[in-house]
Structures are given as structure tokens and as C-alpha cells.
file work-v9.txt (compact mmCIF, C-alpha atoms and all ligand atoms)
# COMPACT_ATOMS: atom_id res chain seq x y z
CA GLY J 1 -2.68 5.46 16.95
CA LYS J 2 -3.50 3.68 13.71
CA GLY J 3 -7.23 4.20 14.21
CA GLU J 4 -9.30 2.08 11.88
CA HIS J 5 -6.24 1.23 9.78
CA ARG J 6 -4.18 -1.93 10.02
CA HIS J 7 -0.85 -0.13 9.65
CA PHE J 8 0.48 3.38 10.14
CA MET J 9 1.50 3.38 6.48
CA LEU J 10 -2.10 2.89 5.32
CA LYS J 11 -3.36 5.52 7.75
CA GLU J 12 -0.75 7.96 6.46
CA ILE J 13 -1.64 7.20 2.82
CA TYR J 14 -5.27 8.02 3.62
CA GLU J 15 -4.35 11.26 5.40
CA GLN J 16 -2.96 12.71 2.19
CA PRO J 17 -6.01 14.67 0.97
CA GLN J 18 -6.13 16.38 4.37
CA VAL J 19 -2.42 17.11 4.83
CA ILE J 20 -1.89 18.20 1.22
CA GLY J 21 -4.80 20.60 1.75
CA ASP J 22 -3.35 21.87 5.04
CA THR J 23 0.05 22.38 3.42
CA LEU J 24 -1.46 24.21 0.44
CA ASN J 25 -3.52 26.47 2.69
CA ALA J 26 -0.33 27.80 4.22
CA PHE J 27 0.59 29.20 0.78
CA VAL J 28 -2.76 30.18 -0.69
CA GLN J 29 -3.91 33.74 0.03
CA ALA J 30 -7.45 33.46 1.31
CA THR J 31 -8.78 36.52 -0.51
CA THR J 32 -7.17 36.15 -3.94
CA GLY J 33 -6.48 32.40 -4.16
CA ARG J 34 -2.93 33.37 -5.12
CA ILE J 35 -0.02 31.20 -4.11
CA THR J 36 2.52 33.22 -2.14
CA LEU J 37 5.59 32.45 -0.08
CA PRO J 38 6.43 33.83 3.35
CA ASP J 39 9.07 36.58 3.27
CA LEU J 40 12.43 35.05 2.46
CA PRO J 41 15.81 36.54 3.41
CA PHE J 42 16.93 36.51 -0.27
CA ASP J 43 15.45 37.54 -3.61
CA ILE J 44 14.16 34.53 -5.57
CA ALA J 45 14.11 36.59 -8.77
CA ALA J 46 17.89 37.01 -8.61
CA ILE J 47 18.98 33.40 -8.03
CA PRO J 48 21.44 32.25 -10.74
CA ARG J 49 21.08 28.56 -9.94
CA VAL J 50 19.24 26.26 -7.56
CA THR J 51 21.06 23.21 -6.15
CA VAL J 52 18.68 20.60 -4.74
CA VAL J 53 20.07 18.00 -2.33
CA ALA J 54 18.28 15.25 -0.36
CA CYS J 55 18.20 11.48 0.28
CA GLY J 56 15.80 8.69 -0.63
CA THR J 57 12.20 9.68 -1.16
CA ALA J 58 12.99 13.33 -0.38
CA PHE J 59 15.51 13.20 -3.24
CA TYR J 60 12.76 12.06 -5.62
CA ALA J 61 10.65 15.02 -4.50
CA GLY J 62 13.65 17.18 -5.36
CA MET J 63 13.85 15.55 -8.77
CA VAL J 64 10.25 16.49 -9.53
CA ALA J 65 11.11 20.02 -8.35
CA LYS J 66 13.97 20.17 -10.83
CA TYR J 67 11.56 19.55 -13.72
CA TRP J 68 9.09 22.10 -12.34
CA LEU J 69 11.67 24.81 -11.62
CA GLU J 70 13.34 24.44 -14.98
CA GLN J 71 10.13 24.29 -17.02
CA VAL J 72 8.03 26.85 -15.21
CA ALA J 73 10.49 29.18 -13.44
CA ARG J 74 13.19 28.87 -16.14
CA VAL J 75 15.96 28.65 -13.54
CA PRO J 76 18.91 26.25 -13.94
CA VAL J 77 18.75 23.43 -11.39
CA GLU J 78 21.39 21.02 -10.25
CA LEU J 79 20.36 17.95 -8.25
CA ASP J 80 22.20 15.33 -6.27
CA ILE J 81 21.84 12.86 -3.45
CA ALA J 82 23.39 14.19 -0.26
CA SER J 83 25.90 11.36 0.26
CA GLU J 84 27.51 12.19 -3.11
CA PHE J 85 27.06 15.93 -3.10
CA ARG J 86 28.75 16.51 0.25
CA TYR J 87 32.04 15.00 -0.93
CA ARG J 88 32.03 16.23 -4.54
CA GLU J 89 33.52 19.64 -3.81
CA ALA J 90 31.15 21.11 -6.37
CA PRO J 91 31.76 24.76 -7.17
CA MET J 92 28.64 26.79 -6.44
CA PRO J 93 27.75 30.12 -8.04
CA GLU J 94 27.79 33.37 -6.04
CA GLY J 95 24.34 34.08 -4.66
CA GLY J 96 23.03 30.64 -5.53
CA LEU J 97 20.24 28.92 -3.67
CA ALA J 98 20.76 25.52 -2.05
CA LEU J 99 17.51 23.68 -1.38
CA PHE J 100 17.41 20.78 1.09
CA ILE J 101 14.45 18.46 1.52
CA SER J 102 14.04 16.25 4.58
CA GLN J 103 11.09 14.82 6.45
CA SER J 104 13.00 14.39 9.73
CA GLY J 105 15.35 17.33 9.40
CA GLU J 106 18.01 15.09 10.94
CA THR J 107 19.45 13.10 8.02
CA LEU J 108 23.20 13.40 8.56
CA ASP J 109 24.31 13.43 4.92
CA THR J 110 21.74 16.11 4.09
CA LEU J 111 22.87 18.17 7.08
CA GLU J 112 26.53 17.92 6.06
CA ALA J 113 25.63 18.87 2.48
CA LEU J 114 23.87 21.94 3.91
CA ARG J 115 26.98 22.90 5.87
CA TYR J 116 29.08 22.58 2.72
CA ALA J 117 26.68 24.79 0.75
CA LYS J 118 26.78 27.36 3.55
CA ARG J 119 30.56 27.47 3.35
CA GLN J 120 30.11 28.07 -0.39
CA GLY J 121 28.10 31.20 0.38
CA GLN J 122 24.73 29.85 -0.75
CA HIS J 123 21.33 30.92 0.51
CA ILE J 124 19.98 27.93 2.41
CA LEU J 125 16.32 27.00 2.07
CA SER J 126 14.89 23.78 3.48
CA VAL J 127 11.62 21.90 3.07
CA ILE J 128 11.16 20.13 6.40
CA ASN J 129 8.41 18.24 8.18
CA VAL J 130 9.85 18.31 11.71
CA GLY J 131 10.07 22.03 12.51
CA GLU J 132 12.28 21.59 15.58
CA SER J 133 15.15 19.86 13.79
CA THR J 134 18.82 20.44 13.13
CA ILE J 135 18.41 21.08 9.39
CA ALA J 136 15.59 23.56 10.06
CA ARG J 137 17.74 25.35 12.65
CA GLU J 138 20.76 25.66 10.38
CA SER J 139 18.80 26.96 7.37
CA HIS J 140 18.30 30.62 6.43
CA ALA J 141 14.65 29.89 5.68
CA VAL J 142 12.31 26.93 6.05
CA LEU J 143 9.17 26.00 4.15
CA GLY J 144 7.27 23.54 6.29
CA THR J 145 5.33 20.51 5.15
CA LEU J 146 2.27 20.08 7.34
CA ALA J 147 2.17 16.29 7.09
CA GLY J 148 2.09 15.78 10.87
CA PRO J 149 4.10 12.95 12.43
CA GLU J 150 5.00 10.21 9.95
CA ILE J 151 5.46 6.89 11.77
CA GLY J 152 5.73 4.38 8.91
CA VAL J 153 9.34 3.99 7.81
CA ALA J 154 8.20 4.17 4.18
CA SER J 155 7.59 7.82 3.49
CA THR J 156 4.16 8.61 2.01
CA LYS J 157 2.42 11.78 3.18
CA ALA J 158 5.77 13.49 3.77
CA PHE J 159 6.53 12.96 0.08
CA THR J 160 3.28 14.35 -1.33
CA THR J 161 3.40 17.35 1.01
CA GLN J 162 7.02 17.97 -0.03
CA LEU J 163 5.79 17.99 -3.64
CA THR J 164 3.02 20.39 -2.65
CA VAL J 165 5.46 22.85 -1.07
CA LEU J 166 7.88 22.54 -3.98
CA ALA J 167 5.08 23.17 -6.48
CA CYS J 168 4.15 26.37 -4.63
CA PHE J 169 7.81 27.37 -4.53
CA ALA J 170 8.24 26.76 -8.28
CA LEU J 171 5.12 28.76 -9.04
CA ALA J 172 6.16 31.67 -6.82
CA MET J 173 9.62 31.65 -8.36
CA ALA J 174 8.14 31.57 -11.86
CA ARG J 175 6.05 34.63 -11.06
CA ALA J 176 8.94 36.49 -9.40
CA ARG J 177 11.12 35.89 -12.45
CA GLY J 178 8.43 36.84 -14.94
CA ALA J 179 8.68 33.37 -16.46
CA ILE J 180 4.95 32.63 -16.78
CA THR J 181 1.87 34.51 -17.89
CA ALA J 182 -0.93 35.38 -15.48
CA GLU J 183 -3.06 32.84 -17.34
CA GLN J 184 -0.56 29.99 -16.87
CA GLU J 185 -0.17 30.91 -13.22
CA ALA J 186 -3.94 30.87 -12.69
CA ALA J 187 -4.25 27.47 -14.40
CA ILE J 188 -1.53 25.90 -12.26
CA SER J 189 -2.80 27.33 -9.00
CA ALA J 190 -6.33 26.18 -9.81
CA ALA J 191 -4.94 22.70 -10.52
CA LEU J 192 -3.05 22.72 -7.21
CA ARG J 193 -6.12 23.75 -5.23
CA GLU J 194 -7.93 20.78 -6.79
CA VAL J 195 -5.31 18.23 -5.71
CA PRO J 196 -6.87 17.29 -2.33
CA ALA J 197 -10.20 16.44 -4.03
CA ARG J 198 -8.46 14.53 -6.82
CA ALA J 199 -6.38 12.65 -4.23
CA VAL J 200 -9.66 11.38 -2.77
CA ASP J 201 -10.58 10.11 -6.27
CA VAL J 202 -7.23 8.34 -6.52
CA LEU J 203 -7.72 6.67 -3.12
CA ASN J 204 -10.94 5.21 -4.49
CA HIS J 205 -8.73 2.90 -6.60
CA ASP J 206 -7.41 1.24 -3.45
CA GLU J 207 -9.39 -1.98 -3.95
CA ARG J 208 -8.34 -2.29 -7.60
CA LEU J 209 -4.69 -1.79 -6.61
CA ARG J 210 -5.07 -4.41 -3.87
CA VAL J 211 -6.24 -6.91 -6.48
CA LEU J 212 -3.37 -5.98 -8.83
CA ALA J 213 -0.88 -6.32 -5.96
CA HIS J 214 -1.45 -10.10 -6.14
CA GLU J 215 0.21 -10.05 -9.56
CA VAL J 216 3.14 -7.99 -8.29
CA SER J 217 3.55 -10.13 -5.15
CA GLU J 218 4.42 -13.16 -7.28
CA ALA J 219 7.22 -11.40 -9.14
CA ARG J 220 10.89 -11.49 -8.26
CA ASP J 221 11.57 -8.24 -10.10
CA ALA J 222 9.45 -5.32 -11.26
CA LEU J 223 10.11 -2.36 -13.55
CA TYR J 224 8.63 1.11 -13.19
CA LEU J 225 8.67 3.44 -16.18
CA GLY J 226 7.89 7.10 -16.73
CA ARG J 227 9.05 10.23 -18.52
CA GLY J 228 9.28 13.83 -17.37
CA THR J 229 7.90 14.28 -13.85
CA SER J 230 6.60 10.70 -14.01
CA TYR J 231 10.20 9.48 -14.09
CA PRO J 232 10.94 10.44 -10.45
CA ILE J 233 7.56 8.95 -9.51
CA ALA J 234 8.63 5.69 -11.19
CA LEU J 235 11.82 5.79 -9.09
CA GLU J 236 9.76 6.44 -5.97
CA GLY J 237 7.38 3.57 -6.85
CA ALA J 238 10.31 1.20 -7.19
CA LEU J 239 11.80 2.38 -3.87
CA LYS J 240 8.48 1.88 -2.07
CA LEU J 241 8.17 -1.68 -3.42
CA LYS J 242 11.77 -2.58 -2.52
CA GLU J 243 11.71 -1.24 0.98
CA ILE J 244 8.51 -2.84 2.22
CA SER J 245 7.91 -5.94 0.05
CA TYR J 246 11.59 -6.82 -0.58
CA ILE J 247 10.84 -7.38 -4.25
CA HIS J 248 13.64 -6.11 -6.47
CA ALA J 249 12.35 -3.15 -8.43
CA GLU J 250 13.90 -0.57 -10.68
CA GLY J 251 12.62 2.72 -11.93
CA TYR J 252 13.71 3.81 -15.38
CA ALA J 253 13.15 6.73 -17.67
CA ALA J 254 10.94 5.12 -20.33
CA GLY J 255 13.20 6.40 -23.10
CA GLU J 256 16.23 4.69 -21.56
CA MET J 257 14.70 1.18 -21.81
CA LYS J 258 16.17 0.40 -25.17
CA HIS J 259 19.66 1.22 -23.88
CA GLY J 260 19.80 -1.90 -21.75
CA PRO J 261 16.96 -2.73 -19.37
CA ILE J 262 14.65 -3.93 -22.17
CA ALA J 263 16.79 -7.11 -22.09
CA LEU J 264 15.19 -7.96 -18.73
CA ILE J 265 11.66 -8.05 -20.06
CA ASP J 266 9.72 -11.28 -20.05
CA GLU J 267 6.31 -12.29 -18.72
CA ASP J 268 7.64 -12.70 -15.20
CA VAL J 269 8.62 -9.06 -14.80
CA PRO J 270 5.60 -6.81 -14.34
CA ILE J 271 6.04 -3.34 -15.82
CA ILE J 272 4.32 -0.49 -14.06
CA ALA J 273 3.99 2.34 -16.58
CA LEU J 274 3.11 5.87 -15.47
CA ALA J 275 1.71 7.77 -18.41
CA PRO J 276 -0.48 10.77 -17.68
CA ASN J 277 -1.91 12.14 -20.90
CA ASP J 278 0.60 15.00 -21.11
CA ALA J 279 2.98 16.26 -23.83
CA LEU J 280 5.11 13.11 -23.44
CA PHE J 281 2.26 10.59 -23.60
CA GLU J 282 2.90 9.37 -27.16
CA LYS J 283 6.60 8.89 -26.42
CA THR J 284 5.85 6.80 -23.33
CA ALA J 285 3.12 4.90 -25.21
CA SER J 286 5.60 3.78 -27.84
CA ASN J 287 8.01 2.55 -25.12
CA ILE J 288 5.13 0.64 -23.52
CA MET J 289 4.33 -0.99 -26.85
CA GLU J 290 7.98 -2.01 -27.29
CA ALA J 291 7.88 -3.66 -23.88
CA ALA J 292 4.52 -5.35 -24.56
CA ALA J 293 5.82 -6.67 -27.91
CA ARG J 294 8.55 -8.48 -25.98
CA GLY J 295 6.09 -10.26 -23.73
CA GLY J 296 6.10 -7.68 -20.93
CA LYS J 297 2.93 -7.59 -18.81
CA VAL J 298 2.18 -3.92 -18.42
CA LEU J 299 0.10 -2.24 -15.74
CA LEU J 300 -0.74 1.18 -17.18
CA LEU J 301 -1.60 4.12 -14.94
CA SER J 302 -3.09 6.91 -17.01
CA ASP J 303 -6.19 9.06 -17.30
CA ALA J 304 -9.30 8.16 -19.32
CA PRO J 305 -8.00 9.25 -22.75
CA GLY J 306 -4.65 7.51 -22.13
CA VAL J 307 -6.29 4.29 -20.97
CA GLU J 308 -8.65 4.38 -23.94
CA ARG J 309 -5.75 4.73 -26.33
CA MET J 310 -3.70 1.87 -24.81
CA ARG J 311 -6.27 -0.59 -23.49
CA ASP J 312 -5.60 -3.24 -26.15
CA LYS J 313 -1.86 -3.02 -25.77
CA VAL J 314 -1.49 -3.56 -22.02
CA ARG J 315 -2.51 -6.23 -19.50
CA TRP J 316 -4.01 -4.06 -16.73
CA THR J 317 -5.08 -0.45 -16.43
CA VAL J 318 -5.92 1.97 -13.64
CA THR J 319 -7.77 5.11 -14.74
CA LEU J 320 -6.67 8.12 -12.71
CA PRO J 321 -8.37 11.53 -12.86
CA THR J 322 -7.61 13.90 -15.72
CA VAL J 323 -5.62 16.80 -14.27
CA HIS J 324 -3.29 19.60 -15.34
CA PRO J 325 0.03 17.85 -16.18
CA PHE J 326 1.85 20.03 -13.62
CA VAL J 327 0.14 18.29 -10.68
CA SER J 328 0.12 14.72 -12.00
CA PRO J 329 3.25 13.62 -10.06
CA ILE J 330 1.53 14.43 -6.75
CA LEU J 331 -1.44 12.23 -7.65
CA TYR J 332 0.46 9.41 -9.38
CA ALA J 333 2.57 8.94 -6.23
CA ILE J 334 -0.48 7.62 -4.37
CA PRO J 335 -1.09 4.43 -6.42
CA MET J 336 2.67 3.73 -6.11
CA GLN J 337 2.23 3.71 -2.32
CA LEU J 338 -0.91 1.58 -2.38
CA LEU J 339 0.55 -0.97 -4.77
CA ALA J 340 3.65 -1.39 -2.59
CA TYR J 341 1.55 -1.47 0.58
CA HIS J 342 -0.80 -4.22 -0.60
CA THR J 343 2.05 -6.23 -2.08
CA ALA J 344 3.85 -6.13 1.27
CA VAL J 345 0.70 -7.14 3.15
CA ILE J 346 0.20 -10.10 0.79
CA LYS J 347 3.83 -11.11 1.33
CA GLY J 348 3.41 -10.78 5.09
CA THR J 349 6.34 -8.43 5.67
CA ASP J 350 6.54 -5.88 8.48
CA VAL J 351 5.07 -2.91 6.61
CA ASP J 352 5.70 -0.19 9.19
CA GLN J 353 9.11 -1.45 10.33
CA PRO J 354 10.84 -3.04 7.33
CA ARG J 355 14.01 -4.99 8.03
CA ASN J 356 17.34 -3.13 8.09
CA LEU J 357 15.73 0.31 7.83
CA ALA J 358 15.51 3.22 10.27
CA LYS J 359 13.04 6.10 10.06
CA SER J 360 15.75 8.66 10.46
CA VAL J 361 19.26 8.03 9.12
CA THR J 362 21.61 9.92 11.43
CA VAL J 363 24.70 7.90 10.54
CA GLU J 364 26.87 8.18 7.44
O1 LIG J 401 14.06 12.35 6.90
P1 LIG J 401 14.50 12.42 5.48
O2 LIG J 401 13.42 12.93 4.56
O3 LIG J 401 15.76 13.24 5.32
O4 LIG J 401 14.82 10.96 5.05
C1 LIG J 401 15.35 10.67 3.78
C2 LIG J 401 15.30 9.19 3.48
O5 LIG J 401 16.01 8.47 4.45
C3 LIG J 401 13.86 8.66 3.43
O6 LIG J 401 13.08 9.35 2.49
C4 LIG J 401 13.85 7.16 3.06
O7 LIG J 401 14.30 7.00 1.74
C5 LIG J 401 12.46 6.57 3.26
N1 LIG J 401 12.54 5.31 3.96
C6 LIG J 401 11.73 6.33 1.97
O8 LIG J 401 10.50 5.73 2.13

call {"tool": "encode", "arguments": {"input": "work-v9.txt", "output": "C-alpha cells"}}
result
Amino acid sequence: GKGEHRHFMLKEIYEQPQVIGDTLNAFVQATTGRITLPDLPFDIAAIPRVTVVACGTAFYAGMVAKYWLEQVARVPVELDIASEFRYREAPMPEGGLALFISQSGETLDTLEALRYAKRQGQHILSVINVGESTIARESHAVLGTLAGPEIGVASTKAFTTQLTVLACFALAMARARGAITAEQEAAISAALREVPARAVDVLNHDERLRVLAHEVSEARDALYLGRGTSYPIALEGALKLKEISYIHAEGYAAGEMKHGPIALIDEDVPIIALAPNDALFEKTASNIMEAAARGGKVLLLSDAPGVERMRDKVRWTVTLPTVHPFVSPILYAIPMQLLAYHTAVIKGTDVDQPRNLAKSVTVE
């Protein structure tokens, strides 16, 4: 049941510290604290290219994984949504790895994309929440998310546990390929082990996000901006808002604003800017200032140094914990969920069962 929570979605948002921790524990060696994968039927050091395919929120998890795998494991990654990929007739390299991400394990387009990749001689690895599912069965190997049943149609804990698994996979691949130093590996795994505790800190901003949701609930349109791994989180934030509050929202790479979408900005379009204080912070900050200079009302999500630097330039701020940049997408996803959730509650929509949507999309 929903327990003390008003909706399954809120319950599932609050379960995240626990289920991220459970998922991590499946990969962390108790004695050494090292992140390891179960034995896989292929050699991850020898993979020429990874092709990541998924739908919806799972696709955005895959997009974060692309940044991680490229940056940390130095492996070329190709990424597409399943409904396009399955018909593209993309050539795939000999011995390549095709990676499918699905909460349900039953999404038809993702399944058909898997079958295509199999015919192309790829190794098939899936990140799945429902272990007894068709996609799990047809894969050569499965890495499970331990999110437990997700009832809310809007995916929340499935997403952050997918990110957790993908982070472990990227780290293991980086080590196998000799792409990172022992020091870098130790720093990232320490940061990952800290995520459940930091997720609790992020959930403490719930009330602040509920107050800010009143601003969003009055808008007809909203823009979400981010760079690097914050870009897929911006896309995910916009999807969450659309699907449960029915407010039109778009996620954009912050650097792409000036190529068109900046024309939309006025004081009626709230801008949700995701800007962890990482290597791209200054670049995102200058895009935020461009938007603010055109009358845009910006809600900045950053850590203490970032908020300090931008406080005078933006309308609202939320100060998230300072973490290793590698793990920031996992944590920044949570305020995206809460903002959408509270906006939907204010608007009185059916949060757990939004109109026109099904939990599992088994039709084309
Ligand atoms: O079960 P799957 O992960 O394959 O589902 C993929 C999408 O249908 C799903 O993530 C959808 O986008 C959610 N409603 C997002 O909240």
C-alpha cells in the first residue's frame, strides 16, 4: 500500500535512499568496498562500441550512461530511443555490446530493438527491474535494479536505481579497460557509496520544492536546462512535469538555448536550471544569465558554492549537497520528481494514473 503517503509516486520517491542502497550493495564487495560486476558471458575490456537503447525515462538513464561510459570508460557509445532504433537498420560492429534499459522488461519497442541487435551478432545486456520479464529472458546477461515494484506510472525509483546500476557498470568497464587510475576509481566508488545518505539530504528539500511548485503550477510552459549529465536530467524533469501535471515542458542543453528556444523566454515561463558545481558550471551560469537578462525567472538547483555565485542573478534557489560530479545526476533527479509531484497535486491531476498513459507500453 501507500502507507503514510498520499500517492504511490511520493512513497516511491521516498524509498530511493533505501533502494539505491540495496542496488549498490549488490555490486559492492563487502570486504574491499570495490565495485564489481557478476560474471558476464563476454569480455567488457574488448567491446568496440556500446549501443544503448530504451524508451522514455529509461532512455534518459541511458543518456546519462553514455556520458559516463565515454568519459570514464573511454568506450564509444551510440544511443537511441527504441522506436527509432528498431527500424533504422543501423550497422553494428562485430562483438559490440547492446545495452537495453527497461523497468518493466516488457516494452515492445525495446524488445524488438533487442531482437534486431541479436540478429546483428551483438552481446545483449539489459538493466531490468522486473526479473521475470521477456527482455530479461531474451538477454545474454541482466543487471537487476532492486527498486521493488513501481506502481506510479511516472517512473522515479526505477530511474535512480537504473542510474546506480549504470554507474557501477561504467566504473567496472573503466577499470577493465585500464581507463582510470586506482585513485579515480576509489573517489568515484566512495561517492557512489555516499549517494543513499545524500539522497536523504535531498529529500529534506521536499517542503521548499512544494512551495516552489506553486510558481510552476501557474505556468503554461516550463523550460529545463542543463549541460553534461545534467542535460538528460533536464529532459527527465521536463518529462515528469508533462506526464503528471500536463504542463508543457521542454528540456534543453543549456548551450543550445541561443539556437532557438531563448525566443520563448519571458516572465511567464519558469526556467529550471540544473547546475552542479562541476567543470561545466561557468558555461551553464552564463546561459542562466542570458536567460535572466531576458526576463526569465530562474529556479537554480546547485550546491552551496554554485548558489552563492548565482544568488543575485536568479529568482529562486535550492541548495543541494556538494558531491563528486560523477554522482550528481542521481541526486539531481530527485528534486525533478518532487517538483513535478507537488505541481500535479496543486493542479489536482491524477498523479499515479495520469491520463492517456499506461505503466507498461506493450503496443507499438
Ligand atoms: O518499462 P520501461 O522502463 O521499458 O518503460 C519505458 C517508458 O515507457 C517509461 O519510462 C515512461 O517513459 C514513464 N512513464 C516515465 O515516467

call {"tool": "atom_distance", "arguments": {"input": "work-v9.txt", "atom1": "atom CA of J:Val318", "atom2": "atom CA of J:Leu274"}}
result
10.0 Å

call {"tool": "atom_distance", "arguments": {"input": "work-v9.txt", "atom1": "atom CA of J:Gln29", "atom2": "atom CA of J:Thr57"}}
result
29.0 Å

call {"tool": "residues_around", "arguments": {"input": "work-v9.txt", "residues": "J:Leu97", "least_positions_apart": "6", "cutoff": "8 Å", "atoms": "all atoms listed in the file", "output": "mmCIF file with C-alpha atoms, in the coordinates of the input"}}
result
data_model
loop_
_atom_site.group_PDB
_atom_site.id
_atom_site.type_symbol
_atom_site.label_atom_id
_atom_site.label_comp_id
_atom_site.auth_asym_id
_atom_site.auth_seq_id
_atom_site.Cartn_x
_atom_site.Cartn_y
_atom_site.Cartn_z
ATOM 1 C CA ILE J 47 18.980 33.400 -8.030
ATOM 2 C CA PRO J 48 21.440 32.250 -10.740
ATOM 3 C CA ARG J 49 21.080 28.560 -9.940
ATOM 4 C CA VAL J 50 19.240 26.260 -7.560
ATOM 5 C CA THR J 51 21.060 23.210 -6.150
ATOM 6 C CA GLN J 122 24.730 29.850 -0.750
ATOM 7 C CA HIS J 123 21.330 30.920 0.510
ATOM 8 C CA ILE J 124 19.980 27.930 2.410
ATOM 9 C CA LEU J 125 16.320 27.000 2.070
#

call {"tool": "closest_residue", "arguments": {"input": "work-v9.txt", "among": "J:Ala158, J:Ala191, J:Ile13, J:Val361", "to": "J:Asp109", "atoms": "all atoms listed in the file"}}
result
J:Val361

call {"tool": "axis_aligned_box", "arguments": {"input": "work-v9.txt", "around": "stretch 83-102 of chain J", "padding_each_side": "6 Å", "output": "AutoDock Vina command-line options"}}
result
--center_x 23.8 --center_y 22.7 --center_z -1.7 --size_x 31.5 --size_y 34.7 --size_z 24.6

call {"tool": "residues_near_ligand", "arguments": {"input": "work-v9.txt", "ligand": "ligand LIG 401 (chain J)", "cutoff": "6 Å", "atoms": "all atoms listed in the file", "output": "ChimeraX atom specification"}}
result
/J:55-58,102-105,107,153-155,360-361

call {"tool": "decode", "arguments": {"input": "work-v9.txt", "residues": "stretch 73-91 of chain J", "atoms": "N, CA, C and O atoms", "output": "short mmCIF file (atom, residue, chain, number, x, y, z; two decimals), in the first residue's frame"}}
result
data_model
loop_
_atom_site.label_atom_id
_atom_site.label_comp_id
_atom_site.auth_asym_id
_atom_site.auth_seq_id
_atom_site.Cartn_x
_atom_site.Cartn_y
_atom_site.Cartn_z
N ALA J 73 35.01 5.32 -19.03
CA ALA J 73 35.49 4.04 -19.59
C ALA J 73 36.12 4.22 -20.97
O ALA J 73 36.69 3.28 -21.50
N ARG J 74 36.00 5.42 -21.54
CA ARG J 74 36.61 5.72 -22.85
C ARG J 74 36.17 4.76 -23.93
O ARG J 74 36.96 4.36 -24.79
N VAL J 75 34.90 4.38 -23.91
CA VAL J 75 34.36 3.48 -24.94
C VAL J 75 33.36 4.28 -25.78
O VAL J 75 32.60 5.09 -25.24
N PRO J 76 33.38 4.12 -27.10
CA PRO J 76 32.39 4.83 -27.93
C PRO J 76 30.98 4.32 -27.63
O PRO J 76 30.77 3.11 -27.50
N VAL J 77 30.04 5.24 -27.53
CA VAL J 77 28.66 4.87 -27.21
C VAL J 77 27.71 5.48 -28.22
O VAL J 77 27.81 6.66 -28.55
N GLU J 78 26.80 4.67 -28.69
CA GLU J 78 25.73 5.16 -29.54
C GLU J 78 24.43 4.98 -28.76
O GLU J 78 24.32 4.06 -27.94
N LEU J 79 23.48 5.90 -28.95
CA LEU J 79 22.29 5.92 -28.10
C LEU J 79 21.08 6.24 -28.96
O LEU J 79 21.14 7.14 -29.80
N ASP J 80 20.00 5.52 -28.75
CA ASP J 80 18.77 5.88 -29.47
C ASP J 80 17.55 5.40 -28.70
O ASP J 80 17.64 4.50 -27.87
N ILE J 81 16.43 6.02 -29.01
CA ILE J 81 15.16 5.53 -28.49
C ILE J 81 14.77 4.29 -29.31
O ILE J 81 15.07 4.20 -30.50
N ALA J 82 14.12 3.36 -28.64
CA ALA J 82 13.87 2.06 -29.25
C ALA J 82 12.98 2.15 -30.49
O ALA J 82 13.20 1.43 -31.46
N SER J 83 11.99 3.04 -30.48
CA SER J 83 11.05 3.10 -31.60
C SER J 83 11.72 3.61 -32.88
O SER J 83 11.22 3.36 -33.98
N GLU J 84 12.82 4.32 -32.76
CA GLU J 84 13.61 4.71 -33.93
C GLU J 84 14.66 3.65 -34.25
O GLU J 84 14.82 3.23 -35.39
N PHE J 85 15.35 3.23 -33.23
CA PHE J 85 16.47 2.31 -33.46
C PHE J 85 16.02 1.04 -34.18
O PHE J 85 16.69 0.58 -35.11
N ARG J 86 14.88 0.50 -33.79
CA ARG J 86 14.50 -0.82 -34.32
C ARG J 86 14.22 -0.79 -35.82
O ARG J 86 14.24 -1.84 -36.47
N TYR J 87 13.94 0.37 -36.38
CA TYR J 87 13.65 0.45 -37.81
C TYR J 87 14.79 1.07 -38.62
O TYR J 87 14.69 1.22 -39.82
N ARG J 88 15.86 1.50 -37.94
CA ARG J 88 16.91 2.26 -38.63
C ARG J 88 17.83 1.41 -39.48
O ARG J 88 18.56 1.93 -40.31
N GLU J 89 17.84 0.12 -39.19
CA GLU J 89 18.77 -0.79 -39.87
C GLU J 89 20.21 -0.34 -39.67
O GLU J 89 21.02 -0.32 -40.60
N ALA J 90 20.53 0.04 -38.45
CA ALA J 90 21.87 0.52 -38.14
C ALA J 90 22.86 -0.63 -38.23
O ALA J 90 22.61 -1.71 -37.70
N PRO J 91 23.99 -0.41 -38.92
CA PRO J 91 25.04 -1.42 -38.88
C PRO J 91 25.66 -1.45 -37.49
O PRO J 91 25.80 -0.40 -36.86
#
